[in-house]
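Undergrad: Got a structure for you, structure_9.cif, holding mmCIF, C-alpha atoms.
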data_upload
#
loop_
_atom_site.label_atom_id
_atom_site.label_comp_id
_atom_site.auth_asym_id
_atom_site.auth_seq_id
_atom_site.Cartn_x
_atom_site.Cartn_y
_atom_site.Cartn_z
CA SER A 2 -25.22 -39.08 -76.87
CA ALA A 3 -24.97 -41.09 -80.07
CA VAL A 4 -23.42 -40.05 -83.36
CA ILE A 5 -25.46 -41.41 -86.23
CA SER A 6 -24.54 -41.28 -89.88
CA GLN A 7 -26.71 -42.17 -92.85
CA LYS A 8 -25.80 -42.96 -96.44
CA PRO A 9 -26.70 -41.64 -98.87
CA SER A 10 -27.64 -38.20 -97.59
CA ARG A 11 -29.86 -37.72 -100.60
CA ASP A 12 -30.73 -39.45 -103.85
CA ILE A 13 -32.91 -39.05 -106.90
CA CYS A 14 -34.27 -42.35 -108.20
CA GLN A 15 -36.40 -43.62 -111.02
CA ARG A 16 -39.81 -45.16 -110.50
CA GLY A 17 -39.68 -48.94 -110.06
CA THR A 18 -36.14 -49.08 -108.71
CA SER A 19 -35.00 -49.77 -105.14
CA LEU A 20 -32.70 -47.86 -102.81
CA THR A 21 -30.91 -49.12 -99.71
CA ILE A 22 -30.20 -46.60 -96.95
CA GLN A 23 -27.50 -47.33 -94.40
CA CYS A 24 -27.44 -46.23 -90.78
CA GLN A 25 -24.22 -46.43 -88.75
CA VAL A 26 -23.94 -45.56 -85.06
CA ASP A 27 -20.67 -44.76 -83.29
CA SER A 28 -21.49 -47.06 -80.35
CA GLN A 29 -23.62 -50.09 -79.57
CA VAL A 30 -27.27 -49.25 -79.04
CA THR A 31 -30.23 -51.15 -77.69
CA MET A 32 -32.86 -50.14 -80.19
CA MET A 33 -32.86 -48.86 -83.75
CA PHE A 34 -35.83 -47.43 -85.60
CA TRP A 35 -36.65 -46.18 -89.08
CA TYR A 36 -38.94 -43.21 -89.64
CA ARG A 37 -40.38 -41.46 -92.65
CA GLN A 38 -41.02 -37.73 -92.82
CA GLN A 39 -43.08 -36.72 -95.82
CA PRO A 40 -43.02 -33.08 -96.95
CA GLY A 41 -44.72 -30.86 -94.39
CA GLN A 42 -45.65 -33.85 -92.23
CA SER A 43 -44.60 -35.17 -88.87
CA LEU A 44 -42.39 -38.22 -88.43
CA THR A 45 -44.01 -41.61 -88.88
CA LEU A 46 -42.47 -44.79 -87.51
CA ILE A 47 -41.93 -47.40 -90.21
CA ALA A 48 -40.44 -50.18 -88.11
CA THR A 49 -38.21 -51.22 -85.26
CA ALA A 50 -35.04 -52.92 -86.49
CA ASN A 51 -34.32 -56.02 -84.41
CA GLN A 52 -30.84 -57.46 -84.27
CA GLY A 53 -30.68 -60.89 -85.81
CA SER A 54 -34.39 -61.19 -86.46
CA GLU A 55 -37.16 -59.72 -88.58
CA ALA A 56 -38.06 -56.10 -88.03
CA THR A 57 -41.30 -55.12 -86.30
CA TYR A 58 -43.42 -53.09 -88.70
CA GLU A 59 -46.03 -50.50 -87.88
CA SER A 60 -49.49 -50.55 -89.35
CA GLY A 61 -49.41 -49.58 -93.00
CA PHE A 62 -45.81 -50.69 -93.60
CA VAL A 63 -44.81 -54.13 -94.89
CA ILE A 64 -41.57 -56.05 -95.22
CA ASP A 65 -41.87 -56.50 -98.97
CA LYS A 66 -41.90 -52.74 -99.48
CA PHE A 67 -39.44 -51.78 -96.72
CA PRO A 68 -37.07 -54.68 -95.99
CA ILE A 69 -34.84 -53.92 -93.01
CA SER A 70 -31.66 -55.54 -91.79
CA ARG A 71 -29.82 -55.17 -88.51
CA PRO A 72 -26.81 -57.50 -88.44
CA ASN A 73 -25.27 -56.04 -85.27
CA LEU A 74 -25.74 -53.43 -82.54
CA THR A 75 -24.36 -50.49 -84.53
CA PHE A 76 -25.68 -50.89 -88.08
CA SER A 77 -28.97 -51.16 -89.93
CA THR A 78 -30.26 -50.79 -93.46
CA LEU A 79 -33.64 -49.83 -94.85
CA THR A 80 -34.53 -50.63 -98.45
CA VAL A 81 -37.30 -48.78 -100.24
CA SER A 82 -38.44 -51.22 -102.91
CA ASN A 83 -40.20 -50.70 -106.23
CA MET A 84 -40.31 -46.97 -105.62
CA SER A 85 -43.05 -44.61 -106.74
CA PRO A 86 -43.21 -40.79 -106.46
CA GLU A 87 -45.28 -41.24 -103.27
CA ASP A 88 -42.14 -42.64 -101.61
CA SER A 89 -40.42 -39.27 -101.96
CA SER A 90 -39.64 -38.40 -98.39
CA ILE A 91 -36.94 -38.03 -95.77
CA TYR A 92 -36.01 -41.33 -94.14
CA LEU A 93 -34.53 -41.10 -90.66
CA CYS A 94 -32.70 -43.64 -88.56
CA SER A 95 -33.14 -43.30 -84.81
CA VAL A 96 -31.62 -45.07 -81.80
CA VAL A 97 -32.10 -45.59 -78.10
CA LYS A 98 -28.81 -46.36 -76.42
CA TYR A 99 -29.85 -48.04 -73.21
CA LYS A 100 -32.85 -50.14 -72.29
CA GLY A 101 -35.32 -47.99 -70.37
CA SER A 102 -33.71 -44.72 -71.53
CA ASN A 103 -35.96 -41.82 -72.51
CA GLU A 104 -33.36 -40.37 -74.87
CA GLN A 105 -33.90 -41.06 -78.55
CA PHE A 106 -31.33 -39.79 -81.03
CA PHE A 107 -31.92 -39.20 -84.73
CA GLY A 108 -29.66 -39.43 -87.72
CA PRO A 109 -29.38 -36.62 -90.29
CA GLY A 110 -31.85 -38.26 -92.62
CA THR A 111 -31.79 -39.37 -96.25
CA ARG A 112 -33.75 -37.19 -98.63
CA LEU A 113 -35.24 -39.37 -101.36
CA THR A 114 -36.86 -38.04 -104.52
CA VAL A 115 -38.56 -40.49 -106.87
CA LEU A 116 -39.24 -39.35 -110.41
CA LYS B 15 -56.96 -41.30 -80.71
CA ASN B 16 -53.38 -40.41 -79.76
CA GLN B 17 -52.62 -37.01 -81.24
CA VAL B 18 -50.22 -34.12 -80.77
CA GLU B 19 -51.19 -30.71 -82.09
CA GLN B 20 -48.85 -27.75 -82.29
CA SER B 21 -49.44 -24.07 -82.81
CA PRO B 22 -48.69 -21.86 -84.50
CA GLN B 23 -47.84 -23.73 -87.66
CA SER B 24 -45.23 -21.11 -88.48
CA LEU B 25 -43.84 -18.00 -86.87
CA ILE B 26 -41.56 -15.13 -87.87
CA ILE B 27 -39.90 -13.03 -85.18
CA LEU B 28 -37.14 -10.45 -85.00
CA GLU B 29 -33.78 -11.40 -83.59
CA GLY B 30 -33.62 -10.75 -79.86
CA LYS B 31 -37.36 -11.19 -79.30
CA ASN B 32 -38.94 -13.94 -77.23
CA CYS B 33 -41.54 -16.41 -78.45
CA THR B 34 -43.68 -19.25 -77.14
CA LEU B 35 -44.70 -22.37 -79.01
CA GLN B 36 -47.68 -24.46 -77.94
CA CYS B 37 -48.34 -28.19 -77.85
CA ASN B 38 -51.61 -29.93 -76.94
CA TYR B 39 -51.83 -33.70 -76.74
CA THR B 40 -54.32 -36.48 -76.22
CA VAL B 41 -51.77 -39.29 -75.84
CA SER B 42 -52.53 -41.85 -73.16
CA PRO B 43 -51.12 -43.35 -71.03
CA PHE B 44 -48.62 -40.49 -70.80
CA SER B 45 -44.96 -41.31 -70.21
CA ASN B 46 -43.01 -38.19 -71.12
CA LEU B 47 -43.02 -35.17 -73.42
CA ARG B 48 -40.08 -34.06 -75.52
CA TRP B 49 -39.27 -31.00 -77.56
CA TYR B 50 -36.96 -31.43 -80.52
CA LYS B 51 -35.32 -28.86 -82.77
CA GLN B 52 -34.97 -29.83 -86.41
CA ASP B 53 -32.78 -27.71 -88.65
CA THR B 54 -33.53 -27.84 -92.37
CA GLY B 55 -32.02 -30.97 -93.87
CA ARG B 56 -31.02 -32.38 -90.50
CA GLY B 57 -32.42 -34.88 -88.03
CA PRO B 58 -34.27 -33.75 -84.89
CA VAL B 59 -32.15 -32.89 -81.84
CA SER B 60 -33.57 -33.19 -78.34
CA LEU B 61 -34.02 -29.98 -76.35
CA THR B 62 -35.90 -31.19 -73.27
CA ILE B 63 -37.63 -34.26 -71.87
CA MET B 64 -40.26 -33.93 -69.15
CA THR B 65 -42.03 -36.58 -67.15
CA PHE B 66 -45.45 -36.37 -65.50
CA SER B 67 -44.12 -34.77 -62.31
CA GLU B 68 -42.08 -32.04 -63.97
CA ASN B 69 -43.67 -28.64 -64.62
CA THR B 70 -40.70 -26.74 -66.02
CA LYS B 71 -37.37 -27.61 -67.55
CA SER B 72 -34.78 -25.31 -69.04
CA ASN B 73 -31.97 -25.83 -71.53
CA GLY B 74 -30.13 -22.56 -72.02
CA ARG B 75 -32.48 -20.09 -73.68
CA TYR B 76 -35.16 -22.78 -74.09
CA THR B 77 -37.71 -23.32 -71.30
CA ALA B 78 -40.38 -25.97 -71.58
CA THR B 79 -43.46 -26.19 -69.39
CA LEU B 80 -45.86 -29.06 -68.90
CA ASP B 81 -49.39 -29.09 -67.48
CA ALA B 82 -50.31 -32.75 -67.29
CA ASP B 83 -53.83 -31.94 -66.12
CA THR B 84 -54.74 -29.92 -69.20
CA LYS B 85 -52.36 -31.92 -71.42
CA GLN B 86 -50.57 -28.85 -72.64
CA SER B 87 -46.93 -27.93 -73.05
CA SER B 88 -45.13 -24.84 -74.20
CA LEU B 89 -41.63 -24.06 -75.37
CA HIS B 90 -40.42 -20.55 -74.62
CA ILE B 91 -37.40 -19.20 -76.46
CA THR B 92 -35.69 -16.20 -74.92
CA ALA B 93 -33.63 -13.60 -76.75
CA SER B 94 -33.93 -15.41 -80.08
CA GLN B 95 -30.96 -15.78 -82.40
CA LEU B 96 -30.78 -16.37 -86.13
CA SER B 97 -29.61 -19.90 -85.41
CA ASP B 98 -32.93 -20.62 -83.70
CA SER B 99 -34.55 -20.71 -87.14
CA ALA B 100 -35.76 -24.30 -87.39
CA SER B 101 -38.77 -26.53 -86.91
CA TYR B 102 -39.67 -27.34 -83.31
CA ILE B 103 -41.38 -30.66 -82.81
CA CYS B 104 -43.36 -31.75 -79.76
CA VAL B 105 -43.25 -35.49 -79.15
CA VAL B 106 -45.26 -37.41 -76.56
CA SER B 107 -44.29 -40.87 -75.41
CA ARG B 108 -46.73 -43.45 -74.10
CA ASN B 109 -46.08 -46.81 -72.53
CA THR B 110 -47.73 -49.73 -74.28
CA GLY B 111 -46.62 -52.28 -71.72
CA THR B 112 -43.89 -53.78 -73.86
CA ALA B 113 -42.39 -50.63 -75.34
CA SER B 114 -42.64 -46.86 -75.56
CA LYS B 115 -44.45 -45.37 -78.53
CA LEU B 116 -43.83 -41.85 -79.74
CA THR B 117 -46.46 -39.57 -81.23
CA PHE B 118 -45.04 -36.63 -83.16
CA GLY B 119 -46.57 -33.21 -83.73
CA THR B 120 -46.25 -31.63 -87.15
CA GLY B 121 -43.97 -28.95 -85.76
CA THR B 122 -43.80 -25.17 -85.63
CA ARG B 123 -41.54 -23.63 -88.24
CA LEU B 124 -39.75 -20.66 -86.65
CA GLN B 125 -37.92 -18.05 -88.65
CA VAL B 126 -35.79 -15.48 -86.86
CA THR B 127 -34.96 -12.42 -88.94
CA LEU B 128 -32.83 -9.30 -88.60
#
Let me see the structure of the file written as structure tokens.
TA:
Amino acid sequence: SAVISQKPSRDICQRGTSLTIQCQVDSQVTMMFWYRQQPGQSLTLIATANQGSEATYESGFVIDKFPISRPNLTFSTLTVSNMSPEDSSIYLCSVVKYKGSNEQFFGPGTRLTVL
Amino acid sequence: KNQVEQSPQSLIILEGKNCTLQCNYTVSPFSNLRWYKQDTGRGPVSLTIMTFSENTKSNGRYTATLDADTKQSSLHITASQLSDSASYICVVSRNTGTASKLTFGTGTRLQVTL
């Protein structure tokens, strides 16, 4: 398995500010992803974090709003920029350890509330 | 359109009782189907993963079934415990050629009571 930690676990932010969420894994992993889970909704993939290059974003998500970094095989950050109340959500980091593996592990999530 | 639908949306059962959660999907091409348990305030944790050729898979008191012909899956929980109170999410993976894509259901919220 993979042990994933996220910081912060929760935050309350003001409209127009930005928040950076960190994801740390206890071992090197092949793939890292960022998801959003809005209240009462299913998980939606924001982007795939690529080591040493720009993230791959899903339709509806852009780099200016959700810049992502992945400097190595165990760490990634997601920034939620210029926040609005609509960004209130749980943000989850997820990893696949080995190429071709079916197992996908999720972090505990970061609960973000924007006022 | 690739979709995963779960029913019921929510469920309340007495401790010790059994229950079955349903998942219907239209994801194609199918790669595998997963059931996750998500406790409140936590990330999802995998319960089972089933490929096209697997009809049944168990993990303790959890038994998942898959009918690839009708594109239906179920998760049966036996002798429920208070700790089973959580959301159960059905996730279907499809191969896009270059990567696997996951489609998530909205989950069934289960509450086990005394």
Undergrad: Identify every residue of chain B that has at least one atom within 6 Å of any atom of chain A, counting all atoms listed in the file, and report the result as a list in words.
TA: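 Every residue meeting the condition is included here: Arg56, Gly57, Pro58, Phe118, Gly119 and Thr120 of chain B.
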Undergrad: Running the PyMOL selection byres ((chain A and resi 30) around 7) on this model by hand, what would come out? Give it as an MDAnalysis selection string.
TA: chainID A and resid 28:29 31:32 74:75 96:99
Undergrad: Could you name the residues that touch B:Ser114 at 12 Å or less, counting all atoms listed in the file, but leaving out those on the same chain fewer than 3 positions away, as a list in words?
TA: Met32, Thr49, Val97, Lys100, Gly101, Ser102, Asn103, Glu104 and Gln105 of chain A; Val41, Ser42, Pro43, Phe44, Ser45, Asn46, Leu47, Val105, Val106, Ser107, Arg108, Asn109, Thr110, Gly111 and Thr117 of chain B
Undergrad: Keeping C-alpha atoms for every residue in the selection just given, could you write it to a file as a PDB file, in the coordinates of the input?
TA:
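So the final result, stored in selection_2.pdb, reads:
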ATOM      1  CA  MET A  32     -32.860 -50.140 -80.190  1.00  0.00           C
ATOM      2  CA  THR A  49     -38.210 -51.220 -85.260  1.00  0.00           C
ATOM      3  CA  VAL A  97     -32.100 -45.590 -78.100  1.00  0.00           C
ATOM      4  CA  LYS A 100     -32.850 -50.140 -72.290  1.00  0.00           C
ATOM      5  CA  GLY A 101     -35.320 -47.990 -70.370  1.00  0.00           C
ATOM      6  CA  SER A 102     -33.710 -44.720 -71.530  1.00  0.00           C
ATOM      7  CA  ASN A 103     -35.960 -41.820 -72.510  1.00  0.00           C
ATOM      8  CA  GLU A 104     -33.360 -40.370 -74.870  1.00  0.00           C
ATOM      9  CA  GLN A 105     -33.900 -41.060 -78.550  1.00  0.00           C
TER      10      GLN A 105
ATOM     11  CA  VAL B  41     -51.770 -39.290 -75.840  1.00  0.00           C
ATOM     12  CA  SER B  42     -52.530 -41.850 -73.160  1.00  0.00           C
ATOM     13  CA  PRO B  43     -51.120 -43.350 -71.030  1.00  0.00           C
ATOM     14  CA  PHE B  44     -48.620 -40.490 -70.800  1.00  0.00           C
ATOM     15  CA  SER B  45     -44.960 -41.310 -70.210  1.00  0.00           C
ATOM     16  CA  ASN B  46     -43.010 -38.190 -71.120  1.00  0.00           C
ATOM     17  CA  LEU B  47     -43.020 -35.170 -73.420  1.00  0.00           C
ATOM     18  CA  VAL B 105     -43.250 -35.490 -79.150  1.00  0.00           C
ATOM     19  CA  VAL B 106     -45.260 -37.410 -76.560  1.00  0.00           C
ATOM     20  CA  SER B 107     -44.290 -40.870 -75.410  1.00  0.00           C
ATOM     21  CA  ARG B 108     -46.730 -43.450 -74.100  1.00  0.00           C
ATOM     22  CA  ASN B 109     -46.080 -46.810 -72.530  1.00  0.00           C
ATOM     23  CA  THR B 110     -47.730 -49.730 -74.280  1.00  0.00           C
ATOM     24  CA  GLY B 111     -46.620 -52.280 -71.720  1.00  0.00           C
ATOM     25  CA  THR B 117     -46.460 -39.570 -81.230  1.00  0.00           C
TER      26      THR B 117
END
Undergrad: Taking the point (-46.4, -27.6, -80.5) as given in the file, collect each protein or nucleic acid residue that comes within 8 Å of it, counting only C-alpha atoms, and present the set as a compact mmCIF listing (two decimals) with C-alpha atoms, in the frame of the given file.
TA:
# COMPACT_ATOMS: atom_id res chain seq x y z
CA VAL B 18 -50.22 -34.12 -80.77
CA GLU B 19 -51.19 -30.71 -82.09
CA GLN B 20 -48.85 -27.75 -82.29
CA SER B 21 -49.44 -24.07 -82.81
CA PRO B 22 -48.69 -21.86 -84.50
CA LEU B 35 -44.70 -22.37 -79.01
CA GLN B 36 -47.68 -24.46 -77.94
CA CYS B 37 -48.34 -28.19 -77.85
CA ASN B 38 -51.61 -29.93 -76.94
CA SER B 87 -46.93 -27.93 -73.05
CA SER B 88 -45.13 -24.84 -74.20
CA LEU B 89 -41.63 -24.06 -75.37
CA TYR B 102 -39.67 -27.34 -83.31
CA ILE B 103 -41.38 -30.66 -82.81
CA CYS B 104 -43.36 -31.75 -79.76
CA GLY B 119 -46.57 -33.21 -83.73
CA THR B 120 -46.25 -31.63 -87.15
CA GLY B 121 -43.97 -28.95 -85.76
CA THR B 122 -43.80 -25.17 -85.63
Undergrad: List the residues selected by the PyMOL selection byres ((chain A and resi 53-55) around 7) in the file shown, writing them as JSON, numbers by chain.
TA: {"A": [51, 52, 56, 57, 71, 72]}
Undergrad: Taking the structure in the block just given, could you write stretch 34-72 of chain B with N, CA and C atoms, as a PDB file, in the first residue's frame?
TA:
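Produced file out-v4.pdb, reproduced below:
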ATOM      1  N   THR B  34     -27.222  -4.889   0.717  1.00  0.00           N
ATOM      2  CA  THR B  34     -26.627  -4.969  -0.610  1.00  0.00           C
ATOM      3  C   THR B  34     -26.731  -3.625  -1.301  1.00  0.00           C
ATOM      4  N   LEU B  35     -25.623  -3.162  -1.810  1.00  0.00           N
ATOM      5  CA  LEU B  35     -25.559  -1.897  -2.540  1.00  0.00           C
ATOM      6  C   LEU B  35     -25.393  -2.200  -4.029  1.00  0.00           C
ATOM      7  N   GLN B  36     -26.013  -1.366  -4.862  1.00  0.00           N
ATOM      8  CA  GLN B  36     -26.021  -1.626  -6.289  1.00  0.00           C
ATOM      9  C   GLN B  36     -25.224  -0.586  -7.066  1.00  0.00           C
ATOM     10  N   CYS B  37     -24.672  -1.044  -8.190  1.00  0.00           N
ATOM     11  CA  CYS B  37     -23.918  -0.152  -9.068  1.00  0.00           C
ATOM     12  C   CYS B  37     -24.205  -0.556 -10.512  1.00  0.00           C
ATOM     13  N   ASN B  38     -24.657   0.377 -11.322  1.00  0.00           N
ATOM     14  CA  ASN B  38     -24.851   0.169 -12.756  1.00  0.00           C
ATOM     15  C   ASN B  38     -23.928   1.124 -13.506  1.00  0.00           C
ATOM     16  N   TYR B  39     -23.333   0.649 -14.582  1.00  0.00           N
ATOM     17  CA  TYR B  39     -22.384   1.497 -15.289  1.00  0.00           C
ATOM     18  C   TYR B  39     -22.562   1.399 -16.796  1.00  0.00           C
ATOM     19  N   THR B  40     -22.107   2.445 -17.467  1.00  0.00           N
ATOM     20  CA  THR B  40     -22.137   2.464 -18.929  1.00  0.00           C
ATOM     21  C   THR B  40     -20.753   2.762 -19.476  1.00  0.00           C
ATOM     22  N   VAL B  41     -19.717   2.551 -18.640  1.00  0.00           N
ATOM     23  CA  VAL B  41     -18.344   2.875 -19.017  1.00  0.00           C
ATOM     24  C   VAL B  41     -17.831   1.886 -20.048  1.00  0.00           C
ATOM     25  N   SER B  42     -17.166   2.405 -21.063  1.00  0.00           N
ATOM     26  CA  SER B  42     -16.617   1.553 -22.109  1.00  0.00           C
ATOM     27  C   SER B  42     -15.373   2.207 -22.714  1.00  0.00           C
ATOM     28  N   PRO B  43     -14.347   1.434 -23.068  1.00  0.00           N
ATOM     29  CA  PRO B  43     -14.202   0.005 -22.842  1.00  0.00           C
ATOM     30  C   PRO B  43     -13.855  -0.296 -21.388  1.00  0.00           C
ATOM     31  N   PHE B  44     -14.487  -1.339 -20.851  1.00  0.00           N
ATOM     32  CA  PHE B  44     -14.360  -1.679 -19.434  1.00  0.00           C
ATOM     33  C   PHE B  44     -12.975  -2.270 -19.156  1.00  0.00           C
ATOM     34  N   SER B  45     -12.377  -1.837 -18.047  1.00  0.00           N
ATOM     35  CA  SER B  45     -11.108  -2.410 -17.610  1.00  0.00           C
ATOM     36  C   SER B  45     -11.291  -3.138 -16.275  1.00  0.00           C
ATOM     37  N   ASN B  46     -11.767  -2.440 -15.270  1.00  0.00           N
ATOM     38  CA  ASN B  46     -12.043  -3.077 -13.992  1.00  0.00           C
ATOM     39  C   ASN B  46     -13.043  -2.236 -13.200  1.00  0.00           C
ATOM     40  N   LEU B  47     -13.591  -2.856 -12.155  1.00  0.00           N
ATOM     41  CA  LEU B  47     -14.553  -2.176 -11.298  1.00  0.00           C
ATOM     42  C   LEU B  47     -14.072  -2.293  -9.857  1.00  0.00           C
ATOM     43  N   ARG B  48     -14.150  -1.178  -9.154  1.00  0.00           N
ATOM     44  CA  ARG B  48     -13.644  -1.122  -7.783  1.00  0.00           C
ATOM     45  C   ARG B  48     -14.741  -0.619  -6.857  1.00  0.00           C
ATOM     46  N   TRP B  49     -14.714  -1.131  -5.648  1.00  0.00           N
ATOM     47  CA  TRP B  49     -15.554  -0.582  -4.585  1.00  0.00           C
ATOM     48  C   TRP B  49     -14.610   0.032  -3.543  1.00  0.00           C
ATOM     49  N   TYR B  50     -14.946   1.259  -3.158  1.00  0.00           N
ATOM     50  CA  TYR B  50     -14.189   1.957  -2.134  1.00  0.00           C
ATOM     51  C   TYR B  50     -15.121   2.266  -0.951  1.00  0.00           C
ATOM     52  N   LYS B  51     -14.523   2.291   0.231  1.00  0.00           N
ATOM     53  CA  LYS B  51     -15.219   2.753   1.424  1.00  0.00           C
ATOM     54  C   LYS B  51     -14.619   4.094   1.822  1.00  0.00           C
ATOM     55  N   GLN B  52     -15.487   5.088   2.036  1.00  0.00           N
ATOM     56  CA  GLN B  52     -14.993   6.398   2.435  1.00  0.00           C
ATOM     57  C   GLN B  52     -15.649   6.809   3.749  1.00  0.00           C
ATOM     58  N   ASP B  53     -14.851   6.793   4.815  1.00  0.00           N
ATOM     59  CA  ASP B  53     -15.330   7.293   6.094  1.00  0.00           C
ATOM     60  C   ASP B  53     -15.410   8.812   6.036  1.00  0.00           C
ATOM     61  N   THR B  54     -16.290   9.371   6.857  1.00  0.00           N
ATOM     62  CA  THR B  54     -16.464  10.826   6.869  1.00  0.00           C
ATOM     63  C   THR B  54     -15.143  11.506   7.185  1.00  0.00           C
ATOM     64  N   GLY B  55     -14.765  12.459   6.339  1.00  0.00           N
ATOM     65  CA  GLY B  55     -13.539  13.206   6.568  1.00  0.00           C
ATOM     66  C   GLY B  55     -12.268  12.469   6.201  1.00  0.00           C
ATOM     67  N   ARG B  56     -12.399  11.339   5.524  1.00  0.00           N
ATOM     68  CA  ARG B  56     -11.232  10.564   5.144  1.00  0.00           C
ATOM     69  C   ARG B  56     -11.242  10.327   3.641  1.00  0.00           C
ATOM     70  N   GLY B  57     -10.104   9.867   3.120  1.00  0.00           N
ATOM     71  CA  GLY B  57     -10.043   9.493   1.717  1.00  0.00           C
ATOM     72  C   GLY B  57     -10.599   8.102   1.487  1.00  0.00           C
ATOM     73  N   PRO B  58     -10.997   7.791   0.256  1.00  0.00           N
ATOM     74  CA  PRO B  58     -11.529   6.456  -0.051  1.00  0.00           C
ATOM     75  C   PRO B  58     -10.477   5.372   0.142  1.00  0.00           C
ATOM     76  N   VAL B  59     -10.926   4.210   0.615  1.00  0.00           N
ATOM     77  CA  VAL B  59     -10.051   3.055   0.816  1.00  0.00           C
ATOM     78  C   VAL B  59     -10.608   1.897  -0.005  1.00  0.00           C
ATOM     79  N   SER B  60      -9.742   1.252  -0.766  1.00  0.00           N
ATOM     80  CA  SER B  60     -10.185   0.194  -1.665  1.00  0.00           C
ATOM     81  C   SER B  60     -10.666  -1.038  -0.891  1.00  0.00           C
ATOM     82  N   LEU B  61     -11.812  -1.582  -1.317  1.00  0.00           N
ATOM     83  CA  LEU B  61     -12.331  -2.823  -0.749  1.00  0.00           C
ATOM     84  C   LEU B  61     -12.072  -3.996  -1.694  1.00  0.00           C
ATOM     85  N   THR B  62     -12.442  -3.832  -2.955  1.00  0.00           N
ATOM     86  CA  THR B  62     -12.246  -4.881  -3.951  1.00  0.00           C
ATOM     87  C   THR B  62     -11.973  -4.270  -5.317  1.00  0.00           C
ATOM     88  N   ILE B  63     -11.276  -5.050  -6.147  1.00  0.00           N
ATOM     89  CA  ILE B  63     -11.089  -4.702  -7.560  1.00  0.00           C
ATOM     90  C   ILE B  63     -11.431  -5.939  -8.366  1.00  0.00           C
ATOM     91  N   MET B  64     -12.286  -5.787  -9.376  1.00  0.00           N
ATOM     92  CA  MET B  64     -12.661  -6.930 -10.205  1.00  0.00           C
ATOM     93  C   MET B  64     -12.456  -6.620 -11.678  1.00  0.00           C
ATOM     94  N   THR B  65     -11.880  -7.575 -12.369  1.00  0.00           N
ATOM     95  CA  THR B  65     -11.710  -7.456 -13.805  1.00  0.00           C
ATOM     96  C   THR B  65     -12.874  -8.130 -14.520  1.00  0.00           C
ATOM     97  N   PHE B  66     -12.841  -8.080 -15.842  1.00  0.00           N
ATOM     98  CA  PHE B  66     -13.954  -8.562 -16.670  1.00  0.00           C
ATOM     99  C   PHE B  66     -14.310 -10.014 -16.378  1.00  0.00           C
ATOM    100  N   SER B  67     -13.300 -10.838 -16.091  1.00  0.00           N
ATOM    101  CA  SER B  67     -13.518 -12.278 -15.959  1.00  0.00           C
ATOM    102  C   SER B  67     -13.933 -12.713 -14.556  1.00  0.00           C
ATOM    103  N   GLU B  68     -13.946 -11.775 -13.628  1.00  0.00           N
ATOM    104  CA  GLU B  68     -14.268 -12.129 -12.246  1.00  0.00           C
ATOM    105  C   GLU B  68     -15.730 -11.840 -11.941  1.00  0.00           C
ATOM    106  N   ASN B  69     -16.419 -12.824 -11.358  1.00  0.00           N
ATOM    107  CA  ASN B  69     -17.835 -12.649 -11.021  1.00  0.00           C
ATOM    108  C   ASN B  69     -18.038 -12.259  -9.555  1.00  0.00           C
ATOM    109  N   THR B  70     -17.158 -12.763  -8.702  1.00  0.00           N
ATOM    110  CA  THR B  70     -17.311 -12.540  -7.266  1.00  0.00           C
ATOM    111  C   THR B  70     -15.938 -12.365  -6.630  1.00  0.00           C
ATOM    112  N   LYS B  71     -15.889 -11.439  -5.684  1.00  0.00           N
ATOM    113  CA  LYS B  71     -14.655 -11.277  -4.919  1.00  0.00           C
ATOM    114  C   LYS B  71     -15.023 -10.845  -3.508  1.00  0.00           C
ATOM    115  N   SER B  72     -14.373 -11.479  -2.541  1.00  0.00           N
ATOM    116  CA  SER B  72     -14.685 -11.188  -1.142  1.00  0.00           C
ATOM    117  C   SER B  72     -13.505 -10.561  -0.429  1.00  0.00           C
TER     118      SER B  72
END
